[in-house]
Amino acid sequence: MPSAQVAIAILVGVAAVVDDLARRQISNWIPLAALAGGLGWQTGLYGWRGLLYALAGAAAGFAAFLIFYLLGGMGGGDIKLMAGFGALLGATRLAEAALWTAGAGGLLALGALALRFVRKRTGAAPGGDSIPYAPAIALGVWLALVPKG
């Protein structure tokens with residue numbers, strides 16, 4: 001049986017991926033669910049310290065992708081999602097998740113470039129310019145939760 005933390009990460013991640021792929025945006029309730037779950041889980045385990053740990057994680061998650069949002073490379077839903085996951089993971093584990101997310105996002109970008117190339121060569125419609133990033137975020141968070149050792 002997975003821990004509550006893992007269960008929340010799976011449920012929120014799946015909801016975010018489905019929403020982002022279907023609508024190319026992430027509904028506000030999804031990052032809010034991650035934030036509420038993270039605050040509750042951390043506080044339940046560690047009391048006031050857990051609450052502060054969750055808030056620090058949320059701030060770190062928000063800050064980690066803020067620059068990409070300001071540069072126009074990422075949507076606001078992605079930043080809110082990472083902030084919600086930051087509360088669930090805490091700042092330390094969020095750093096690992098951000099690295100996994102960057103790697104997964106790079107692979108997604110390579111796949112999108114390859115698809116664009118194939119479509120161009122075959123004369124198919126080029127498709128959109130943006131890449132839904134929730135799959136990379138969810139995968140990064142899930143990989144950060146895999147036990148090491």
# chains A, B, ... in the order shown; residues from 1 in each chain; ligands from 1
>>> residues_around(residues="segment 66-68 of chain A", least_positions_apart="6", cutoff="12 Å", atoms="only C-alpha atoms", output="PyMOL selection string")
chain A and resi 59-60+74-83+102+133
>>> residues_around(residues="segment 15-30 of chain A", least_positions_apart="2", cutoff="9 Å", atoms="only C-alpha atoms", output="PyMOL selection string")
chain A and resi 10-13+32-35+75-78+80-81+84+130-138
>>> write_last_selection(atoms="N, CA and C atoms", output="PDB file, in the first residue's frame")
ATOM      1  N   ILE A  10       0.223  10.583  -7.125  1.00  0.00           N
ATOM      2  CA  ILE A  10      -0.297   9.837  -8.277  1.00  0.00           C
ATOM      3  C   ILE A  10      -1.620  10.433  -8.746  1.00  0.00           C
ATOM      4  N   LEU A  11      -2.548  10.641  -7.819  1.00  0.00           N
ATOM      5  CA  LEU A  11      -3.871  11.156  -8.189  1.00  0.00           C
ATOM      6  C   LEU A  11      -3.785  12.553  -8.804  1.00  0.00           C
ATOM      7  N   VAL A  12      -3.038  13.435  -8.162  1.00  0.00           N
ATOM      8  CA  VAL A  12      -2.902  14.801  -8.680  1.00  0.00           C
ATOM      9  C   VAL A  12      -2.165  14.782 -10.019  1.00  0.00           C
ATOM     10  N   GLY A  13      -1.120  13.975 -10.112  1.00  0.00           N
ATOM     11  CA  GLY A  13      -0.359  13.898 -11.355  1.00  0.00           C
ATOM     12  C   GLY A  13      -1.192  13.412 -12.521  1.00  0.00           C
ATOM     13  N   LEU A  32      -4.389  23.076  -6.306  1.00  0.00           N
ATOM     14  CA  LEU A  32      -4.934  23.295  -4.965  1.00  0.00           C
ATOM     15  C   LEU A  32      -5.050  21.989  -4.195  1.00  0.00           C
ATOM     16  N   ALA A  33      -5.427  20.918  -4.889  1.00  0.00           N
ATOM     17  CA  ALA A  33      -5.494  19.606  -4.241  1.00  0.00           C
ATOM     18  C   ALA A  33      -4.111  19.154  -3.790  1.00  0.00           C
ATOM     19  N   ALA A  34      -3.104  19.398  -4.625  1.00  0.00           N
ATOM     20  CA  ALA A  34      -1.730  19.042  -4.236  1.00  0.00           C
ATOM     21  C   ALA A  34      -1.285  19.872  -3.042  1.00  0.00           C
ATOM     22  N   LEU A  35      -1.593  21.169  -3.061  1.00  0.00           N
ATOM     23  CA  LEU A  35      -1.215  22.054  -1.960  1.00  0.00           C
ATOM     24  C   LEU A  35      -1.900  21.632  -0.663  1.00  0.00           C
ATOM     25  N   GLY A  75       3.273  27.830 -18.801  1.00  0.00           N
ATOM     26  CA  GLY A  75       2.011  28.423 -18.383  1.00  0.00           C
ATOM     27  C   GLY A  75       1.902  28.558 -16.876  1.00  0.00           C
ATOM     28  N   GLY A  76       0.959  29.369 -16.445  1.00  0.00           N
ATOM     29  CA  GLY A  76       0.745  29.580 -15.020  1.00  0.00           C
ATOM     30  C   GLY A  76       0.302  28.320 -14.291  1.00  0.00           C
ATOM     31  N   GLY A  77      -0.445  27.469 -14.970  1.00  0.00           N
ATOM     32  CA  GLY A  77      -0.885  26.225 -14.345  1.00  0.00           C
ATOM     33  C   GLY A  77       0.281  25.320 -13.990  1.00  0.00           C
ATOM     34  N   ASP A  78       1.319  25.326 -14.820  1.00  0.00           N
ATOM     35  CA  ASP A  78       2.504  24.515 -14.541  1.00  0.00           C
ATOM     36  C   ASP A  78       3.207  24.993 -13.272  1.00  0.00           C
ATOM     37  N   LYS A  80       1.812  26.697 -10.759  1.00  0.00           N
ATOM     38  CA  LYS A  80       0.952  26.386  -9.612  1.00  0.00           C
ATOM     39  C   LYS A  80       1.023  24.902  -9.270  1.00  0.00           C
ATOM     40  N   LEU A  81       1.094  24.063 -10.299  1.00  0.00           N
ATOM     41  CA  LEU A  81       1.199  22.621 -10.056  1.00  0.00           C
ATOM     42  C   LEU A  81       2.496  22.292  -9.320  1.00  0.00           C
ATOM     43  N   GLY A  84       2.189  23.291  -5.740  1.00  0.00           N
ATOM     44  CA  GLY A  84       1.410  22.304  -4.993  1.00  0.00           C
ATOM     45  C   GLY A  84       2.215  21.064  -4.679  1.00  0.00           C
ATOM     46  N   SER A 130       3.181  24.722 -28.677  1.00  0.00           N
ATOM     47  CA  SER A 130       3.435  24.487 -27.258  1.00  0.00           C
ATOM     48  C   SER A 130       3.438  22.991 -26.942  1.00  0.00           C
ATOM     49  N   ILE A 131       4.100  22.669 -25.833  1.00  0.00           N
ATOM     50  CA  ILE A 131       4.178  21.290 -25.359  1.00  0.00           C
ATOM     51  C   ILE A 131       3.513  21.249 -23.990  1.00  0.00           C
ATOM     52  N   PRO A 132       2.537  20.361 -23.791  1.00  0.00           N
ATOM     53  CA  PRO A 132       1.959  20.251 -22.446  1.00  0.00           C
ATOM     54  C   PRO A 132       3.021  19.755 -21.472  1.00  0.00           C
ATOM     55  N   TYR A 133       3.243  20.505 -20.396  1.00  0.00           N
ATOM     56  CA  TYR A 133       4.349  20.203 -19.490  1.00  0.00           C
ATOM     57  C   TYR A 133       3.931  19.407 -18.256  1.00  0.00           C
ATOM     58  N   ALA A 134       2.635  19.256 -18.016  1.00  0.00           N
ATOM     59  CA  ALA A 134       2.188  18.478 -16.852  1.00  0.00           C
ATOM     60  C   ALA A 134       2.721  17.045 -16.865  1.00  0.00           C
ATOM     61  N   PRO A 135       2.813  16.377 -18.033  1.00  0.00           N
ATOM     62  CA  PRO A 135       3.388  15.028 -18.009  1.00  0.00           C
ATOM     63  C   PRO A 135       4.828  15.007 -17.481  1.00  0.00           C
ATOM     64  N   ALA A 136       5.618  15.994 -17.858  1.00  0.00           N
ATOM     65  CA  ALA A 136       7.001  16.052 -17.367  1.00  0.00           C
ATOM     66  C   ALA A 136       7.037  16.328 -15.864  1.00  0.00           C
ATOM     67  N   ILE A 137       6.176  17.227 -15.403  1.00  0.00           N
ATOM     68  CA  ILE A 137       6.128  17.547 -13.972  1.00  0.00           C
ATOM     69  C   ILE A 137       5.706  16.320 -13.170  1.00  0.00           C
ATOM     70  N   ALA A 138       4.644  15.661 -13.605  1.00  0.00           N
ATOM     71  CA  ALA A 138       4.166  14.481 -12.879  1.00  0.00           C
ATOM     72  C   ALA A 138       5.228  13.391 -12.848  1.00  0.00           C
TER      73      ALA A 138
END
>>> atom_distance(atom1="atom CA of Leu55 of chain A", atom2="atom CA of Glu96 of chain A")
17.2 Å
>>> residues_around(residues="segment 43-45 of chain A", least_positions_apart="5", cutoff="8 Å", atoms="only C-alpha atoms", output="list in words")
Gly50, Leu51 and Ala54 of chain A
>>> closest_residue(among="A:Ala87, A:Ala144, A:Val6, A:Ala124", to="Tyr53 of chain A", atoms="only C-alpha atoms")
A:Ala87
>>> closest_residue(among="A:Leu108, A:Leu88, A:Leu145, A:Leu70", to="Gln42 of chain A", atoms="only C-alpha atoms")
A:Leu88
>>> atom_distance(atom1="atom CA of Leu94 of chain A", atom2="atom CA of Gly149 of chain A")
18.6 Å
>>> atom_distance(atom1="atom CA of Gly86 of chain A", atom2="atom CA of Leu52 of chain A")
11.7 Å
>>> select_by_dssp(residues="chain A", states="alpha helix (DSSP H)", output="short mmCIF file (atom, residue, chain, number, x, y, z; two decimals) with N, CA and C atoms, in the first residue's frame")
data_model
loop_
_atom_site.label_atom_id
_atom_site.label_comp_id
_atom_site.auth_asym_id
_atom_site.auth_seq_id
_atom_site.Cartn_x
_atom_site.Cartn_y
_atom_site.Cartn_z
N ALA A 4 0.34 7.94 1.89
CA ALA A 4 -0.60 8.99 1.49
C ALA A 4 0.10 9.98 0.56
N GLN A 5 1.37 10.25 0.81
CA GLN A 5 2.12 11.17 -0.04
C GLN A 5 2.18 10.66 -1.48
N VAL A 6 2.49 9.39 -1.64
CA VAL A 6 2.57 8.79 -2.98
C VAL A 6 1.19 8.76 -3.64
N ALA A 7 0.18 8.41 -2.87
CA ALA A 7 -1.19 8.36 -3.42
C ALA A 7 -1.63 9.74 -3.90
N ILE A 8 -1.36 10.77 -3.12
CA ILE A 8 -1.71 12.13 -3.53
C ILE A 8 -0.96 12.51 -4.80
N ALA A 9 0.33 12.19 -4.83
CA ALA A 9 1.15 12.52 -6.02
C ALA A 9 0.63 11.82 -7.26
N ILE A 10 0.22 10.58 -7.13
CA ILE A 10 -0.30 9.84 -8.28
C ILE A 10 -1.62 10.43 -8.75
N LEU A 11 -2.55 10.64 -7.82
CA LEU A 11 -3.87 11.16 -8.19
C LEU A 11 -3.78 12.55 -8.80
N VAL A 12 -3.04 13.44 -8.16
CA VAL A 12 -2.90 14.80 -8.68
C VAL A 12 -2.16 14.78 -10.02
N GLY A 13 -1.12 13.97 -10.11
CA GLY A 13 -0.36 13.90 -11.36
C GLY A 13 -1.19 13.41 -12.52
N VAL A 14 -1.98 12.37 -12.30
CA VAL A 14 -2.84 11.84 -13.37
C VAL A 14 -3.88 12.89 -13.77
N ALA A 15 -4.50 13.55 -12.79
CA ALA A 15 -5.49 14.58 -13.10
C ALA A 15 -4.86 15.72 -13.91
N ALA A 16 -3.66 16.13 -13.54
CA ALA A 16 -2.98 17.22 -14.25
C ALA A 16 -2.62 16.82 -15.67
N VAL A 17 -2.13 15.61 -15.84
CA VAL A 17 -1.74 15.14 -17.17
C VAL A 17 -2.97 15.06 -18.07
N VAL A 18 -4.04 14.46 -17.57
CA VAL A 18 -5.25 14.32 -18.37
C VAL A 18 -5.79 15.70 -18.76
N ASP A 19 -5.86 16.61 -17.80
CA ASP A 19 -6.37 17.95 -18.07
C ASP A 19 -5.49 18.70 -19.06
N ASP A 20 -4.18 18.63 -18.87
CA ASP A 20 -3.25 19.35 -19.74
C ASP A 20 -3.28 18.79 -21.17
N LEU A 21 -3.36 17.48 -21.30
CA LEU A 21 -3.40 16.89 -22.63
C LEU A 21 -4.74 17.17 -23.33
N ALA A 22 -5.82 17.17 -22.57
CA ALA A 22 -7.15 17.37 -23.16
C ALA A 22 -7.44 18.83 -23.47
N ARG A 23 -7.04 19.74 -22.56
CA ARG A 23 -7.43 21.14 -22.70
C ARG A 23 -6.26 22.10 -22.88
N TRP A 29 -8.18 23.65 -9.47
CA TRP A 29 -8.43 22.72 -8.37
C TRP A 29 -7.33 21.68 -8.26
N ILE A 30 -6.62 21.41 -9.34
CA ILE A 30 -5.60 20.35 -9.31
C ILE A 30 -4.39 20.76 -8.48
N PRO A 31 -3.76 21.92 -8.75
CA PRO A 31 -2.67 22.32 -7.86
C PRO A 31 -3.14 22.61 -6.44
N LEU A 32 -4.39 23.08 -6.31
CA LEU A 32 -4.93 23.30 -4.96
C LEU A 32 -5.05 21.99 -4.19
N ALA A 33 -5.43 20.92 -4.89
CA ALA A 33 -5.49 19.61 -4.24
C ALA A 33 -4.11 19.15 -3.79
N ALA A 34 -3.10 19.40 -4.62
CA ALA A 34 -1.73 19.04 -4.24
C ALA A 34 -1.28 19.87 -3.04
N LEU A 35 -1.59 21.17 -3.06
CA LEU A 35 -1.22 22.05 -1.96
C LEU A 35 -1.90 21.63 -0.66
N ALA A 36 -3.20 21.40 -0.73
CA ALA A 36 -3.95 20.99 0.47
C ALA A 36 -3.46 19.63 0.97
N GLY A 37 -3.24 18.70 0.04
CA GLY A 37 -2.74 17.39 0.43
C GLY A 37 -1.36 17.48 1.06
N GLY A 38 -0.51 18.30 0.47
CA GLY A 38 0.85 18.47 1.01
C GLY A 38 0.85 19.13 2.37
N LEU A 39 0.06 20.18 2.52
CA LEU A 39 -0.02 20.85 3.83
C LEU A 39 -0.56 19.89 4.89
N GLY A 40 -1.61 19.16 4.54
CA GLY A 40 -2.18 18.21 5.49
C GLY A 40 -1.24 17.07 5.82
N TRP A 41 -0.60 16.52 4.81
CA TRP A 41 0.29 15.38 5.03
C TRP A 41 1.50 15.79 5.86
N GLN A 42 2.15 16.90 5.48
CA GLN A 42 3.34 17.35 6.22
C GLN A 42 2.99 17.75 7.66
N THR A 43 1.87 18.45 7.82
CA THR A 43 1.46 18.87 9.17
C THR A 43 1.07 17.67 10.02
N GLY A 44 0.41 16.70 9.41
CA GLY A 44 0.04 15.50 10.15
C GLY A 44 1.24 14.71 10.63
N LEU A 45 2.29 14.70 9.84
CA LEU A 45 3.49 13.96 10.23
C LEU A 45 4.37 14.72 11.21
N TYR A 46 4.55 16.03 10.97
CA TYR A 46 5.57 16.79 11.70
C TYR A 46 5.04 18.00 12.46
N GLY A 47 3.73 18.17 12.52
CA GLY A 47 3.17 19.30 13.26
C GLY A 47 3.52 20.64 12.61
N TRP A 48 3.78 21.64 13.46
CA TRP A 48 4.09 22.98 12.95
C TRP A 48 5.31 22.99 12.04
N ARG A 49 6.29 22.19 12.37
CA ARG A 49 7.47 22.09 11.50
C ARG A 49 7.10 21.59 10.12
N GLY A 50 6.20 20.62 10.07
CA GLY A 50 5.74 20.10 8.80
C GLY A 50 5.01 21.15 7.98
N LEU A 51 4.22 21.97 8.67
CA LEU A 51 3.52 23.05 7.98
C LEU A 51 4.52 24.02 7.36
N LEU A 52 5.53 24.39 8.12
CA LEU A 52 6.57 25.29 7.59
C LEU A 52 7.35 24.63 6.46
N TYR A 53 7.61 23.34 6.58
CA TYR A 53 8.31 22.58 5.55
C TYR A 53 7.49 22.56 4.26
N ALA A 54 6.19 22.37 4.39
CA ALA A 54 5.30 22.36 3.23
C ALA A 54 5.24 23.73 2.58
N LEU A 55 5.14 24.78 3.39
CA LEU A 55 5.09 26.14 2.84
C LEU A 55 6.40 26.50 2.13
N ALA A 56 7.52 26.09 2.72
CA ALA A 56 8.82 26.32 2.06
C ALA A 56 8.90 25.56 0.75
N GLY A 57 8.38 24.35 0.73
CA GLY A 57 8.36 23.56 -0.50
C GLY A 57 7.50 24.20 -1.57
N ALA A 58 6.34 24.73 -1.16
CA ALA A 58 5.45 25.40 -2.12
C ALA A 58 6.13 26.63 -2.70
N ALA A 59 6.79 27.40 -1.85
CA ALA A 59 7.50 28.58 -2.34
C ALA A 59 8.64 28.19 -3.29
N ALA A 60 9.35 27.13 -2.94
CA ALA A 60 10.44 26.67 -3.80
C ALA A 60 9.91 26.16 -5.14
N GLY A 61 8.78 25.45 -5.11
CA GLY A 61 8.18 24.96 -6.34
C GLY A 61 7.73 26.09 -7.24
N PHE A 62 7.15 27.11 -6.63
CA PHE A 62 6.73 28.28 -7.39
C PHE A 62 7.94 28.99 -7.99
N ALA A 63 8.96 29.20 -7.17
CA ALA A 63 10.15 29.93 -7.62
C ALA A 63 10.94 29.16 -8.68
N ALA A 64 10.91 27.83 -8.60
CA ALA A 64 11.71 27.02 -9.52
C ALA A 64 11.34 27.26 -10.98
N PHE A 65 10.07 27.48 -11.24
CA PHE A 65 9.63 27.64 -12.64
C PHE A 65 9.15 29.05 -12.96
N LEU A 66 9.23 29.97 -12.00
CA LEU A 66 8.75 31.33 -12.25
C LEU A 66 9.49 31.99 -13.41
N ILE A 67 10.78 31.82 -13.50
CA ILE A 67 11.55 32.45 -14.57
C ILE A 67 11.09 31.96 -15.95
N PHE A 68 10.76 30.66 -16.04
CA PHE A 68 10.30 30.13 -17.32
C PHE A 68 8.93 30.71 -17.69
N TYR A 69 8.10 30.95 -16.70
CA TYR A 69 6.81 31.58 -16.94
C TYR A 69 7.01 33.02 -17.41
N LEU A 70 7.89 33.74 -16.72
CA LEU A 70 8.13 35.14 -17.08
C LEU A 70 8.74 35.28 -18.47
N GLY A 76 0.96 29.37 -16.45
CA GLY A 76 0.75 29.58 -15.02
C GLY A 76 0.30 28.32 -14.29
N GLY A 77 -0.44 27.47 -14.97
CA GLY A 77 -0.89 26.22 -14.35
C GLY A 77 0.28 25.32 -13.99
N ASP A 78 1.32 25.33 -14.82
CA ASP A 78 2.50 24.51 -14.54
C ASP A 78 3.21 24.99 -13.27
N ILE A 79 3.29 26.30 -13.11
CA ILE A 79 3.94 26.85 -11.91
C ILE A 79 3.12 26.53 -10.66
N LYS A 80 1.81 26.70 -10.76
CA LYS A 80 0.95 26.39 -9.61
C LYS A 80 1.02 24.90 -9.27
N LEU A 81 1.09 24.06 -10.30
CA LEU A 81 1.20 22.62 -10.06
C LEU A 81 2.50 22.29 -9.32
N MET A 82 3.60 22.89 -9.76
CA MET A 82 4.88 22.64 -9.10
C MET A 82 4.87 23.17 -7.67
N ALA A 83 4.19 24.29 -7.42
CA ALA A 83 4.06 24.81 -6.06
C ALA A 83 3.27 23.83 -5.19
N GLY A 84 2.19 23.29 -5.74
CA GLY A 84 1.41 22.30 -4.99
C GLY A 84 2.22 21.06 -4.68
N PHE A 85 2.95 20.59 -5.67
CA PHE A 85 3.80 19.43 -5.44
C PHE A 85 4.93 19.77 -4.47
N GLY A 86 5.37 21.02 -4.46
CA GLY A 86 6.40 21.44 -3.51
C GLY A 86 5.94 21.29 -2.08
N ALA A 87 4.67 21.61 -1.83
CA ALA A 87 4.12 21.43 -0.49
C ALA A 87 4.09 19.95 -0.11
N LEU A 88 3.81 19.12 -1.08
CA LEU A 88 3.74 17.68 -0.83
C LEU A 88 5.13 17.08 -0.59
N LEU A 89 6.11 17.56 -1.34
CA LEU A 89 7.45 16.98 -1.27
C LEU A 89 8.37 17.67 -0.27
N GLY A 90 8.16 18.96 -0.04
CA GLY A 90 9.11 19.74 0.73
C GLY A 90 10.22 20.22 -0.19
N ALA A 91 10.92 21.26 0.24
CA ALA A 91 11.91 21.92 -0.62
C ALA A 91 13.04 21.00 -1.04
N THR A 92 13.51 20.15 -0.14
CA THR A 92 14.65 19.29 -0.46
C THR A 92 14.32 18.29 -1.55
N ARG A 93 13.23 17.59 -1.38
CA ARG A 93 12.84 16.59 -2.37
C ARG A 93 12.33 17.24 -3.66
N LEU A 94 11.84 18.48 -3.53
CA LEU A 94 11.39 19.19 -4.71
C LEU A 94 12.55 19.47 -5.66
N ALA A 95 13.72 19.74 -5.12
CA ALA A 95 14.89 19.98 -5.98
C ALA A 95 15.16 18.75 -6.85
N GLU A 96 15.07 17.57 -6.27
CA GLU A 96 15.25 16.34 -7.05
C GLU A 96 14.14 16.21 -8.10
N ALA A 97 12.91 16.51 -7.71
CA ALA A 97 11.79 16.43 -8.65
C ALA A 97 11.97 17.41 -9.80
N ALA A 98 12.48 18.60 -9.50
CA ALA A 98 12.70 19.60 -10.55
C ALA A 98 13.74 19.13 -11.55
N LEU A 99 14.77 18.45 -11.07
CA LEU A 99 15.78 17.91 -11.98
C LEU A 99 15.20 16.80 -12.86
N TRP A 100 14.44 15.90 -12.25
CA TRP A 100 13.78 14.85 -13.03
C TRP A 100 12.81 15.47 -14.04
N THR A 101 12.09 16.50 -13.61
CA THR A 101 11.15 17.18 -14.49
C THR A 101 11.86 17.82 -15.68
N ALA A 102 12.99 18.45 -15.42
CA ALA A 102 13.75 19.07 -16.51
C ALA A 102 14.21 18.02 -17.52
N GLY A 103 14.66 16.88 -17.03
CA GLY A 103 15.07 15.79 -17.93
C GLY A 103 13.90 15.26 -18.75
N ALA A 104 12.77 15.03 -18.08
CA ALA A 104 11.58 14.54 -18.79
C ALA A 104 11.09 15.59 -19.78
N GLY A 105 11.14 16.86 -19.40
CA GLY A 105 10.73 17.94 -20.30
C GLY A 105 11.63 18.03 -21.52
N GLY A 106 12.92 17.80 -21.32
CA GLY A 106 13.85 17.78 -22.45
C GLY A 106 13.53 16.66 -23.42
N LEU A 107 13.21 15.50 -22.88
CA LEU A 107 12.82 14.38 -23.74
C LEU A 107 11.52 14.67 -24.49
N LEU A 108 10.57 15.31 -23.80
CA LEU A 108 9.33 15.71 -24.47
C LEU A 108 9.61 16.69 -25.60
N ALA A 109 10.50 17.63 -25.36
CA ALA A 109 10.84 18.61 -26.40
C ALA A 109 11.50 17.94 -27.59
N LEU A 110 12.39 17.00 -27.33
CA LEU A 110 13.01 16.26 -28.44
C LEU A 110 11.97 15.48 -29.22
N GLY A 111 11.04 14.85 -28.53
CA GLY A 111 9.97 14.13 -29.19
C GLY A 111 9.10 15.05 -30.03
N ALA A 112 8.80 16.24 -29.50
CA ALA A 112 8.00 17.21 -30.25
C ALA A 112 8.74 17.69 -31.49
N LEU A 113 10.04 17.91 -31.36
CA LEU A 113 10.84 18.31 -32.53
C LEU A 113 10.86 17.21 -33.58
N ALA A 114 11.02 15.98 -33.14
CA ALA A 114 11.03 14.86 -34.08
C ALA A 114 9.68 14.73 -34.78
N LEU A 115 8.60 14.89 -34.02
CA LEU A 115 7.26 14.82 -34.61
C LEU A 115 7.05 15.95 -35.62
N ARG A 116 7.50 17.12 -35.27
CA ARG A 116 7.38 18.26 -36.18
C ARG A 116 8.16 18.00 -37.47
N PHE A 117 9.35 17.44 -37.33
CA PHE A 117 10.17 17.12 -38.50
C PHE A 117 9.46 16.11 -39.40
N VAL A 118 8.92 15.06 -38.80
CA VAL A 118 8.22 14.02 -39.57
C VAL A 118 7.00 14.62 -40.27
N ARG A 119 6.25 15.45 -39.55
CA ARG A 119 5.06 16.07 -40.15
C ARG A 119 5.45 16.98 -41.32
N LYS A 120 6.53 17.69 -41.16
CA LYS A 120 6.99 18.58 -42.23
C LYS A 120 7.40 17.78 -43.46
N ARG A 121 8.09 16.67 -43.23
CA ARG A 121 8.57 15.83 -44.34
C ARG A 121 7.43 15.12 -45.06
N THR A 122 6.37 14.79 -44.32
CA THR A 122 5.26 14.06 -44.93
C THR A 122 4.15 14.99 -45.43
N ALA A 134 2.63 19.26 -18.02
CA ALA A 134 2.19 18.48 -16.85
C ALA A 134 2.72 17.04 -16.87
N PRO A 135 2.81 16.38 -18.03
CA PRO A 135 3.39 15.03 -18.01
C PRO A 135 4.83 15.01 -17.48
N ALA A 136 5.62 15.99 -17.86
CA ALA A 136 7.00 16.05 -17.37
C ALA A 136 7.04 16.33 -15.86
N ILE A 137 6.18 17.23 -15.40
CA ILE A 137 6.13 17.55 -13.97
C ILE A 137 5.71 16.32 -13.17
N ALA A 138 4.64 15.66 -13.60
CA ALA A 138 4.17 14.48 -12.88
C ALA A 138 5.23 13.39 -12.85
N LEU A 139 5.84 13.14 -13.98
CA LEU A 139 6.89 12.11 -14.02
C LEU A 139 8.05 12.48 -13.12
N GLY A 140 8.45 13.74 -13.13
CA GLY A 140 9.54 14.18 -12.25
C GLY A 140 9.23 13.98 -10.78
N VAL A 141 8.00 14.30 -10.40
CA VAL A 141 7.58 14.12 -9.00
C VAL A 141 7.54 12.64 -8.66
N TRP A 142 6.97 11.84 -9.54
CA TRP A 142 6.89 10.40 -9.27
C TRP A 142 8.27 9.79 -9.14
N LEU A 143 9.19 10.18 -10.00
CA LEU A 143 10.55 9.63 -9.92
C LEU A 143 11.26 10.07 -8.64
N ALA A 144 10.96 11.26 -8.17
CA ALA A 144 11.56 11.72 -6.91
C ALA A 144 11.05 10.93 -5.72
N LEU A 145 9.87 10.35 -5.86
CA LEU A 145 9.29 9.57 -4.76
C LEU A 145 9.70 8.11 -4.77
#
